[in-house]
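Undergrad: The file below is target01.txt, compact mmCIF, C-alpha atoms:
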# COMPACT_ATOMS: atom_id res chain seq x y z
CA MET Q 1 70.55 118.72 49.82
CA SER Q 2 72.61 120.68 52.35
CA ARG Q 3 75.79 122.42 51.26
CA PRO Q 4 79.22 120.90 52.03
CA LEU Q 5 80.77 122.11 55.29
CA VAL Q 6 84.48 122.87 55.75
CA ALA Q 7 85.63 123.00 59.39
CA ILE Q 8 88.80 124.92 60.29
CA VAL Q 9 90.41 123.42 63.39
CA GLY Q 10 93.76 123.47 65.18
CA ARG Q 11 95.43 124.32 68.45
CA PRO Q 12 95.12 127.89 69.79
CA ASN Q 13 96.80 130.85 68.11
CA VAL Q 14 97.90 129.27 64.83
CA GLY Q 15 95.88 131.79 62.78
CA LYS Q 16 92.63 129.88 62.21
CA SER Q 17 90.41 132.96 62.45
CA MET Q 18 92.64 135.03 60.16
CA LEU Q 19 92.64 132.22 57.60
CA PHE Q 20 88.84 131.91 57.95
CA ASN Q 21 88.44 135.63 57.25
CA ARG Q 22 90.76 135.37 54.24
CA LEU Q 23 88.87 132.41 52.76
CA VAL Q 24 85.38 133.87 53.22
CA GLY Q 25 86.48 137.34 52.08
CA GLN Q 26 85.05 139.14 55.11
CA ARG Q 27 86.28 140.09 58.58
CA LEU Q 28 83.70 137.92 60.34
CA SER Q 29 85.82 136.19 62.95
CA ILE Q 30 87.55 138.12 65.73
CA VAL Q 31 91.34 138.09 65.26
CA GLU Q 32 93.54 138.81 68.28
CA ASP Q 33 96.99 137.62 69.37
CA THR Q 34 95.45 136.22 72.57
CA PRO Q 35 94.85 132.44 72.48
CA GLY Q 36 91.22 131.45 73.08
CA VAL Q 37 89.57 134.46 71.44
CA THR Q 38 87.33 132.32 69.21
CA ARG Q 39 85.07 130.30 71.48
CA ASP Q 40 81.91 129.24 69.64
CA ARG Q 41 81.60 127.89 66.11
CA LEU Q 42 81.29 130.69 63.55
CA TYR Q 43 79.76 129.97 60.13
CA ALA Q 44 79.96 131.77 56.79
CA GLU Q 45 78.97 131.05 53.22
CA CYS Q 46 81.79 130.63 50.67
CA GLU Q 47 82.08 130.08 46.93
CA TRP Q 48 85.00 128.63 45.00
CA CYS Q 49 85.11 127.50 41.36
CA GLY Q 50 81.34 127.83 41.13
CA ARG Q 51 80.63 125.62 44.17
CA LYS Q 52 78.89 127.11 47.19
CA PHE Q 53 79.70 125.70 50.61
CA ASP Q 54 79.75 126.66 54.27
CA MET Q 55 82.84 127.21 56.36
CA VAL Q 56 83.07 127.08 60.14
CA ASP Q 57 85.76 128.60 62.35
CA THR Q 58 86.28 126.89 65.71
CA GLY Q 59 88.01 127.67 68.96
CA GLY Q 60 91.51 126.38 69.51
CA ILE Q 61 91.64 122.74 70.65
CA GLU Q 62 93.61 122.05 73.83
CA PRO Q 63 93.65 118.22 73.98
CA SER Q 64 94.39 118.17 77.72
CA THR Q 65 93.10 121.06 79.82
CA ASP Q 66 91.33 121.68 83.11
CA SER Q 67 89.88 125.07 82.04
CA GLU Q 68 86.06 125.04 81.83
CA ILE Q 69 86.02 127.45 78.86
CA LEU Q 70 88.72 125.48 76.99
CA LEU Q 71 86.78 122.25 77.58
CA PHE Q 72 83.68 123.96 76.13
CA MET Q 73 85.73 125.09 73.13
CA ARG Q 74 86.96 121.55 72.51
CA GLU Q 75 83.37 120.27 72.70
CA GLN Q 76 82.27 122.90 70.15
CA ALA Q 77 85.16 121.99 67.83
CA GLN Q 78 84.21 118.29 68.08
CA ILE Q 79 80.62 119.12 67.05
CA ALA Q 80 81.98 120.99 64.01
CA ILE Q 81 84.27 118.06 63.14
CA ASP Q 82 81.36 115.59 63.35
CA ALA Q 83 79.25 117.73 60.99
CA ALA Q 84 82.03 118.58 58.52
CA THR Q 85 82.45 117.30 54.98
CA VAL Q 86 86.13 118.27 55.01
CA ILE Q 87 88.37 119.31 57.92
CA VAL Q 88 91.20 121.83 57.49
CA LEU Q 89 93.86 121.40 60.19
CA VAL Q 90 95.78 124.65 60.58
CA THR Q 91 99.34 124.48 61.92
CA ASP Q 92 102.09 127.08 62.41
CA LEU Q 93 105.26 126.99 60.29
CA ARG Q 94 107.15 129.19 62.76
CA THR Q 95 106.69 126.87 65.74
CA GLY Q 96 106.95 123.63 63.78
CA VAL Q 97 105.14 120.45 64.81
CA THR Q 98 104.17 120.54 68.48
CA ALA Q 99 102.82 117.87 70.81
CA ALA Q 100 99.43 119.62 70.69
CA ASP Q 101 99.46 119.42 66.85
CA LYS Q 102 100.07 115.66 67.07
CA ASP Q 103 97.24 115.22 69.57
CA VAL Q 104 94.82 117.18 67.35
CA ALA Q 105 95.96 115.21 64.27
CA ASN Q 106 95.29 111.91 66.08
CA MET Q 107 91.85 113.23 67.12
CA LEU Q 108 91.08 113.97 63.44
CA LEU Q 109 92.36 110.59 62.25
CA ARG Q 110 89.93 108.92 64.66
CA ALA Q 111 87.09 111.00 63.16
CA LYS Q 112 87.67 109.22 59.82
CA LYS Q 113 86.90 112.40 57.85
CA PRO Q 114 88.90 113.87 54.90
CA VAL Q 115 91.57 116.20 56.33
CA VAL Q 116 93.49 118.90 54.46
CA LEU Q 117 96.67 120.02 56.25
CA ALA Q 118 97.39 123.77 56.07
CA VAL Q 119 100.75 125.10 57.26
CA ASN Q 120 100.06 128.76 58.06
CA LYS Q 121 102.44 131.72 58.30
CA ALA Q 122 104.36 130.63 55.18
CA ASP Q 123 104.58 134.31 54.28
CA SER Q 124 107.61 134.25 51.94
CA THR Q 125 107.12 133.57 48.23
CA GLY Q 126 109.25 131.53 45.88
CA VAL Q 127 111.07 128.44 47.18
CA THR Q 128 109.09 126.34 49.68
CA ASP Q 129 110.38 126.71 53.24
CA PRO Q 130 112.08 123.41 54.26
CA GLY Q 131 110.21 123.58 57.57
CA VAL Q 132 107.03 122.58 55.72
CA TYR Q 133 108.30 119.02 55.23
CA GLU Q 134 108.37 118.43 58.99
CA PHE Q 135 104.54 118.38 58.91
CA TYR Q 136 104.50 115.09 56.94
CA SER Q 137 105.11 113.48 60.35
CA LEU Q 138 101.47 114.16 61.27
CA GLY Q 139 100.38 111.46 58.83
CA LEU Q 140 97.74 113.63 57.13
CA GLY Q 141 99.14 113.71 53.60
CA ASP Q 142 100.75 116.60 51.74
CA PRO Q 143 100.98 119.82 53.79
CA ILE Q 144 99.86 122.95 51.91
CA PRO Q 145 101.82 126.11 52.81
CA VAL Q 146 99.51 129.11 53.15
CA SER Q 147 99.67 132.68 54.37
CA ALA Q 148 96.50 133.96 56.03
CA VAL Q 149 98.04 137.45 56.08
CA HIS Q 150 98.93 137.67 52.38
CA GLY Q 151 96.64 135.04 50.88
CA HIS Q 152 99.40 132.84 49.42
CA GLY Q 153 98.35 129.24 48.89
CA THR Q 154 94.67 129.74 49.80
CA GLY Q 155 93.56 128.83 46.28
CA ASP Q 156 95.50 125.53 46.46
CA LEU Q 157 93.91 124.89 49.85
CA LEU Q 158 90.36 125.40 48.53
CA ASP Q 159 91.12 123.30 45.43
CA GLU Q 160 92.12 120.44 47.73
CA CYS Q 161 88.92 120.83 49.79
CA LEU Q 162 86.78 120.73 46.64
CA LYS Q 163 88.13 117.25 45.79
CA TYR Q 164 86.20 115.84 48.75
CA PHE Q 165 82.87 117.54 48.02
CA PRO Q 166 80.11 115.17 46.87
CA GLU Q 167 78.92 115.44 43.29
CA THR Q 168 75.59 117.25 43.34
CA ASP Q 169 73.20 119.24 41.22
CA GLU Q 170 72.90 122.99 41.72
CA GLU Q 171 71.98 123.56 45.39
CA GLU Q 172 68.54 125.00 45.79
CA GLU Q 173 68.41 128.45 47.28
CA GLU Q 174 66.67 128.90 50.60
CA GLU Q 175 64.15 131.51 49.51
CA ASP Q 176 61.88 131.16 52.53
CA LEU Q 177 64.65 131.29 55.12
CA ILE Q 178 63.97 133.78 57.94
CA LYS Q 179 67.11 135.17 59.60
CA VAL Q 180 66.60 135.72 63.34
CA ALA Q 181 69.06 137.63 65.56
CA ILE Q 182 68.83 137.03 69.31
CA ILE Q 183 70.07 140.23 70.97
CA GLY Q 184 70.29 141.64 74.47
CA LYS Q 185 72.64 142.61 77.24
CA PRO Q 186 74.99 139.93 78.65
CA ASN Q 187 73.62 137.03 80.67
CA VAL Q 188 69.92 137.43 79.86
CA GLY Q 189 69.75 133.89 78.46
CA LYS Q 190 70.34 134.34 74.72
CA SER Q 191 72.47 131.21 74.38
CA SER Q 192 70.13 129.21 76.63
CA LEU Q 193 67.20 130.12 74.37
CA THR Q 194 69.16 129.15 71.26
CA ASN Q 195 70.07 125.79 72.77
CA HIS Q 196 66.48 125.15 73.90
CA ILE Q 197 65.06 125.98 70.46
CA LEU Q 198 67.60 123.81 68.65
CA GLY Q 199 67.55 120.98 71.17
CA GLN Q 200 71.34 120.79 71.41
CA LYS Q 201 74.26 122.50 73.14
CA ARG Q 202 74.84 124.70 70.10
CA VAL Q 203 76.54 127.57 71.96
CA ILE Q 204 78.43 127.82 75.22
CA VAL Q 205 76.17 128.57 78.20
CA SER Q 206 77.83 129.89 81.35
CA ASP Q 207 76.88 132.14 84.26
CA MET Q 208 79.93 134.20 83.34
CA ALA Q 209 78.65 137.28 81.45
CA GLY Q 210 80.38 137.74 78.10
CA THR Q 211 80.95 134.03 77.33
CA THR Q 212 79.61 134.43 73.78
CA ARG Q 213 81.80 136.75 71.71
CA ASP Q 214 81.21 135.99 68.05
CA ALA Q 215 77.78 136.04 66.39
CA VAL Q 216 76.95 132.38 65.80
CA ASP Q 217 74.79 131.12 62.90
CA THR Q 218 72.65 127.98 62.99
CA ASN Q 219 70.24 126.71 60.33
CA PHE Q 220 67.06 125.15 61.73
CA GLU Q 221 63.90 123.73 60.18
CA ASN Q 222 60.64 122.64 61.80
CA ARG Q 223 56.91 122.54 60.98
CA PHE Q 224 56.77 126.35 61.12
CA GLY Q 225 59.44 126.92 58.43
CA LYS Q 226 63.15 127.40 57.81
CA TYR Q 227 65.23 129.68 60.01
CA LEU Q 228 68.77 130.93 60.49
CA PHE Q 229 69.39 131.77 64.15
CA ILE Q 230 72.14 134.25 64.99
CA ASP Q 231 73.11 134.09 68.68
CA THR Q 232 75.06 137.25 69.40
CA ALA Q 233 77.46 138.44 72.06
CA GLY Q 234 75.72 140.41 74.80
CA ILE Q 235 75.94 144.16 74.17
CA ARG Q 236 77.43 145.97 77.16
CA ARG Q 237 77.46 149.66 77.96
CA LYS Q 238 80.42 151.39 76.26
CA SER Q 239 81.94 152.26 79.64
CA LYS Q 240 82.02 148.53 80.41
CA VAL Q 241 83.76 147.60 77.17
CA ASP Q 242 87.44 147.65 78.04
CA GLU Q 243 88.91 144.74 76.09
CA ARG Q 244 89.44 145.23 72.35
CA VAL Q 245 87.85 141.80 71.90
CA GLU Q 246 84.68 142.99 73.66
CA LYS Q 247 84.55 146.00 71.34
CA PHE Q 248 84.71 143.70 68.33
CA SER Q 249 81.92 141.58 69.86
CA VAL Q 250 79.62 144.61 70.06
CA MET Q 251 80.38 145.33 66.39
CA ARG Q 252 79.51 141.73 65.49
CA ALA Q 253 76.20 141.97 67.38
CA GLN Q 254 75.33 145.18 65.53
CA LEU Q 255 76.22 143.51 62.22
CA ALA Q 256 73.98 140.59 63.19
CA ILE Q 257 71.08 143.02 63.59
CA GLU Q 258 71.78 144.37 60.10
CA ARG Q 259 71.78 140.84 58.64
CA ALA Q 260 68.60 139.72 60.40
CA ASP Q 261 64.99 139.78 59.22
CA VAL Q 262 63.64 139.51 62.77
CA CYS Q 263 65.23 140.51 66.10
CA LEU Q 264 64.38 138.78 69.37
CA ILE Q 265 65.14 141.43 72.02
CA MET Q 266 65.74 139.56 75.27
CA ILE Q 267 65.08 141.20 78.64
CA ASP Q 268 65.69 139.74 82.11
CA ALA Q 269 62.31 139.55 83.89
CA ARG Q 270 63.99 140.16 87.25
CA ASP Q 271 65.59 143.45 86.13
CA GLY Q 272 62.82 144.84 83.93
CA VAL Q 273 63.81 147.29 81.20
CA THR Q 274 67.22 148.82 81.92
CA ASP Q 275 68.92 151.72 80.11
CA GLN Q 276 71.03 149.19 78.21
CA ASP Q 277 67.91 147.28 77.10
CA THR Q 278 66.51 150.56 75.76
CA LYS Q 279 69.69 151.19 73.73
CA ILE Q 280 69.72 147.65 72.34
CA ALA Q 281 66.05 147.87 71.33
CA GLY Q 282 66.87 151.22 69.73
CA LEU Q 283 69.51 149.57 67.52
CA ALA Q 284 66.91 147.15 66.13
CA HIS Q 285 64.34 149.94 65.72
CA GLU Q 286 66.77 152.24 63.90
CA ALA Q 287 67.81 149.38 61.63
CA GLY Q 288 64.12 148.92 60.70
CA LYS Q 289 63.93 145.31 61.84
CA ALA Q 290 60.80 143.41 62.75
CA SER Q 291 61.12 142.74 66.48
CA ILE Q 292 59.71 140.67 69.32
CA ILE Q 293 60.41 141.55 72.96
CA ILE Q 294 61.23 138.34 74.84
CA VAL Q 295 60.99 138.60 78.64
CA ASN Q 296 63.13 135.69 79.85
CA LYS Q 297 63.48 134.05 83.31
CA TRP Q 298 59.76 134.53 83.98
CA ASP Q 299 59.89 131.39 86.13
CA LEU Q 300 62.12 133.23 88.64
CA VAL Q 301 59.69 136.11 89.21
CA GLU Q 302 57.40 136.04 92.24
CA LYS Q 303 53.88 136.43 90.88
CA GLU Q 304 50.55 137.67 92.14
CA THR Q 305 47.37 138.74 90.36
CA GLY Q 306 48.20 141.14 87.51
CA THR Q 307 52.01 140.74 87.67
CA MET Q 308 52.35 140.02 83.93
CA GLU Q 309 50.03 142.83 82.88
CA LYS Q 310 51.88 145.31 85.12
CA MET Q 311 55.22 144.33 83.59
CA ARG Q 312 53.75 144.53 80.10
CA LYS Q 313 52.65 148.13 80.79
CA ASP Q 314 56.07 148.97 82.25
CA ILE Q 315 57.81 147.61 79.15
CA MET Q 316 55.49 149.53 76.80
CA ARG Q 317 56.19 152.70 78.80
CA ASP Q 318 59.97 152.25 78.84
CA LEU Q 319 60.12 151.13 75.19
CA SER Q 320 57.41 153.49 73.96
CA PHE Q 321 59.18 153.88 70.59
CA MET Q 322 58.61 150.14 70.02
CA SER Q 323 54.93 150.02 70.96
CA TYR Q 324 54.39 147.95 67.79
CA ALA Q 325 56.49 145.00 69.08
CA PRO Q 326 54.66 142.01 70.62
CA ILE Q 327 55.81 140.96 74.10
CA LEU Q 328 56.29 137.30 75.07
CA PHE Q 329 57.04 136.07 78.61
CA ILE Q 330 59.14 132.88 78.59
CA SER Q 331 61.61 130.73 80.47
CA ALA Q 332 64.44 129.42 78.30
CA LEU Q 333 65.37 127.08 81.16
CA THR Q 334 61.98 125.33 81.51
CA GLY Q 335 60.71 125.95 77.97
CA GLN Q 336 57.67 127.89 79.20
CA ARG Q 337 55.90 129.52 76.18
CA THR Q 338 58.96 129.05 73.92
CA ASP Q 339 56.71 127.14 71.49
CA ARG Q 340 54.99 130.44 70.61
CA ILE Q 341 58.24 132.04 69.39
CA PHE Q 342 58.09 130.56 65.88
CA GLU Q 343 54.51 131.67 65.30
CA LEU Q 344 55.44 135.20 66.33
CA ILE Q 345 58.59 135.18 64.17
CA ASN Q 346 56.54 134.18 61.11
CA PHE Q 347 53.86 136.74 61.95
CA VAL Q 348 56.13 139.78 62.38
CA ASN Q 349 58.20 138.75 59.34
CA ASP Q 350 55.02 138.66 57.22
CA GLN Q 351 54.01 142.06 58.60
CA SER Q 352 57.43 143.49 57.70
CA ASN Q 353 57.04 142.15 54.14
CA MET Q 354 53.48 143.46 53.69
CA ARG Q 355 52.68 145.38 50.51
CA ILE Q 356 49.67 147.73 50.37
CA THR Q 357 48.25 149.05 47.12
CA THR Q 358 48.31 152.80 46.48
CA GLY Q 359 44.53 152.83 46.16
CA MET Q 360 43.99 151.29 49.58
CA LEU Q 361 46.55 153.63 51.15
CA ASN Q 362 44.87 156.71 49.72
CA ASN Q 363 41.47 155.57 50.95
CA VAL Q 364 42.93 155.40 54.47
CA LEU Q 365 44.64 158.77 53.95
CA ALA Q 366 41.39 160.44 52.84
CA ASP Q 367 39.51 159.00 55.80
CA ALA Q 368 42.27 160.15 58.20
CA GLN Q 369 42.12 163.72 56.83
CA ALA Q 370 38.33 163.77 57.14
CA ARG Q 371 38.61 162.82 60.82
CA VAL Q 372 41.45 165.22 61.67
CA GLN Q 373 42.10 168.21 59.40
CA PRO Q 374 45.72 168.73 58.28
CA PRO Q 375 47.52 171.46 60.27
CA THR Q 376 47.70 175.13 59.23
CA ASP Q 377 50.29 177.82 59.87
CA LYS Q 378 49.85 181.56 59.24
CA GLY Q 379 46.87 180.99 56.98
CA ARG Q 380 48.54 178.20 54.96
CA ARG Q 381 47.02 174.74 55.17
CA LEU Q 382 48.85 171.50 54.56
CA LYS Q 383 47.59 169.78 51.40
CA ILE Q 384 48.32 166.07 51.06
CA TYR Q 385 48.14 164.89 47.44
CA TYR Q 386 48.70 161.14 47.68
CA MET Q 387 50.62 158.36 49.36
CA THR Q 388 52.38 155.27 48.03
CA GLN Q 389 54.48 152.40 49.35
CA THR Q 390 58.08 152.29 48.11
CA GLY Q 391 59.58 149.34 49.95
CA ILE Q 392 59.35 146.56 52.51
CA LYS Q 393 61.42 145.27 55.46
CA PRO Q 394 60.34 147.61 56.96
CA PRO Q 395 57.32 149.02 55.07
CA ASN Q 396 58.36 152.36 53.53
CA PHE Q 397 55.82 154.99 52.49
CA VAL Q 398 56.17 158.32 50.69
CA ILE Q 399 53.59 161.10 51.17
CA PHE Q 400 53.49 163.94 48.63
CA CYS Q 401 52.28 167.32 49.91
CA ASN Q 402 52.45 171.06 49.19
CA SER Q 403 54.81 171.94 52.07
CA ARG Q 404 57.07 169.74 54.13
CA GLU Q 405 57.35 172.43 56.85
CA LEU Q 406 53.60 172.28 57.48
CA PHE Q 407 53.69 168.50 57.95
CA HIS Q 408 54.19 168.44 61.72
CA PHE Q 409 55.66 165.33 63.32
CA SER Q 410 52.50 164.85 65.37
CA TYR Q 411 50.35 164.66 62.23
CA GLN Q 412 52.83 162.22 60.67
CA ARG Q 413 52.50 160.02 63.77
CA TYR Q 414 48.70 160.28 63.45
CA ILE Q 415 48.85 159.07 59.83
CA GLU Q 416 51.12 156.18 60.86
CA ASN Q 417 48.68 155.18 63.61
CA GLN Q 418 45.79 155.20 61.13
CA ILE Q 419 47.73 152.93 58.75
CA ARG Q 420 48.53 150.54 61.61
CA ALA Q 421 44.89 150.57 62.77
CA VAL Q 422 43.70 149.44 59.33
CA PHE Q 423 46.53 147.16 58.10
CA GLY Q 424 48.08 145.96 61.37
CA LEU Q 425 51.83 146.11 60.63
CA GLU Q 426 52.37 144.67 64.11
CA GLY Q 427 55.92 143.89 65.08
CA THR Q 428 57.57 146.08 62.45
CA PRO Q 429 58.69 149.71 62.31
CA VAL Q 430 57.17 151.92 59.64
CA ARG Q 431 59.17 154.48 57.65
CA ILE Q 432 57.37 157.56 56.25
CA VAL Q 433 59.13 160.03 53.96
CA ILE Q 434 57.54 163.43 53.28
CA ARG Q 435 58.08 165.02 49.86
CA GLN Q 436 56.71 168.31 48.66
CA LYS Q 437 55.46 168.93 45.14
CA GLY Q 438 58.17 169.51 42.57
CA GLU Q 439 60.89 168.03 44.78
CA LYS Q 440 63.24 165.60 43.07
CA GLU Q 441 63.82 162.17 44.59
I need this file expressed as structure tokens, please.
TA:
Amino acid sequence: MSRPLVAIVGRPNVGKSMLFNRLVGQRLSIVEDTPGVTRDRLYAECEWCGRKFDMVDTGGIEPSTDSEILLFMREQAQIAIDAATVIVLVTDLRTGVTAADKDVANMLLRAKKPVVLAVNKADSTGVTDPGVYEFYSLGLGDPIPVSAVHGHGTGDLLDECLKYFPETDEEEEEEDLIKVAIIGKPNVGKSSLTNHILGQKRVIVSDMAGTTRDAVDTNFENRFGKYLFIDTAGIRRKSKVDERVEKFSVMRAQLAIERADVCLIMIDARDGVTDQDTKIAGLAHEAGKASIIIVNKWDLVEKETGTMEKMRKDIMRDLSFMSYAPILFISALTGQRTDRIFELINFVNDQSNMRITTGMLNNVLADAQARVQPPTDKGRRLKIYYMTQTGIKPPNFVIFCNSRELFHFSYQRYIENQIRAVFGLEGTPVRIVIRQKGEKE
């Protein structure tokens, strides 16, 4: 059974994102005094009084607007409302009840879902501010004064939400869930791919680069398994990041990489590998994430004999540090080859989780040394005693030797290549730590 979902909605700039961050206990949602900062739905896991549930932050609802982005935001908020178990309507004590508040309240009443009314910015403690009583006029029951800044009243708010949760046994944990981050520079088609995979308009798609700002989470299940897709804001070059909001978006994308099991690194087929693509791929590589290079918009490339193979070689040359990553040419618009994505995700995730016994590793190590003798320096020869695996995601190995200085990087790369040749480990980085005899961990 899926977990209950609490949707936080309201007109722009009433403090929804700050309240969301307070309730989930993390700074996940971007908070800025500019209305319209939160655009897509943003999910997080919460726990209160022993019950686990999901919470979603939505963009501000403008009931009547001609702005394309604001219309998108309203559509996203409506999707969250339709999926929610409980809706939290956030209002602003300082401004009182506005016409927009009434319009949103009427929209929620038509949804016929349980609604909890939160009156934010009730920052003073003690006697209840008389202004709170004005919010009874919305017809949504007792208003609960809260302070997103200080945390006052948030416990009462969550207690009220819990009343509407269905009675259920302990939710089963999703042990086999694979977390997938879709990363890349702006406007390469990350959101289009997410929407195509999920079969719905899950995130805003626009030709305007930078439309997606928050990292957006979506659970998805099909015949291949269970997945959590994280569609991230496009990562721009630092010189291009002027707005504070854009800076936060880059941070969120980097955090998404850290959270993910597998990274889909999207590249625009028309541009090839740019400097920014190299930096983005480097973030996933340094984080030790299993990765797949997705070349999108392949339908827009003029082709002749050998076009794909030439681009594959160009990508392997430009991303030589990620030679282990499989390359897939797709079109998120037409769906070309997108059906292969899940098989590759499962494959590289399995490779990243591979465990190899010490005995098998040392057989490969002995064979590698017989083929190519360890290096020497000034009459001293490198002696390798044994090798063992110490971790997964990515596979981590420790090699014990007589002298770390004698273990040249080139010989370390040779050992890594021998391990890959025998065990595969395709799609995942490999970490090798060199320790000399007598050295403490």
Undergrad: Quick one: residues within 6 Å of stretch 7-19 of chain Q, all atoms listed in the file, excluding same-chain residues fewer than 4 positions away - as a list in words?
TA: Ser29, Val31, Pro35, Met55, Val56, Asp57, Thr58, Gly60, Ile61, Ala84, Ile87, Val88, Leu89, Val90, Thr91, Asp92 and Ala148 of chain Q
Undergrad: What does the structure give for the distance between atom CA of Q:Asp299 and atom CA of Q:Leu193, in Å to one decimal?
TA: 13.9 Å
Undergrad: Pick the closest to Q:Phe224 from Q:Lys303, Q:Lys313, Q:Arg340, Q:Lys279: which is it, counting all atoms listed in the file?
TA: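 Using all atoms listed in the file, Q:Phe224 sits closest to Q:Arg340.
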Undergrad: Would you please work out which residue, of Q:Leu117, Q:Leu162, Q:Ala269, Q:Lys102, is nearest to Q:Asp142 when using only C-alpha atoms?
TA: Q:Leu117
Undergrad: Please list as a VMD selection string every residue within 9 Å of Q:Asp159, counting all atoms listed in the file and excluding residues in the same chain fewer than 5 positions away.
TA: chain Q and resid 48 to 49 154
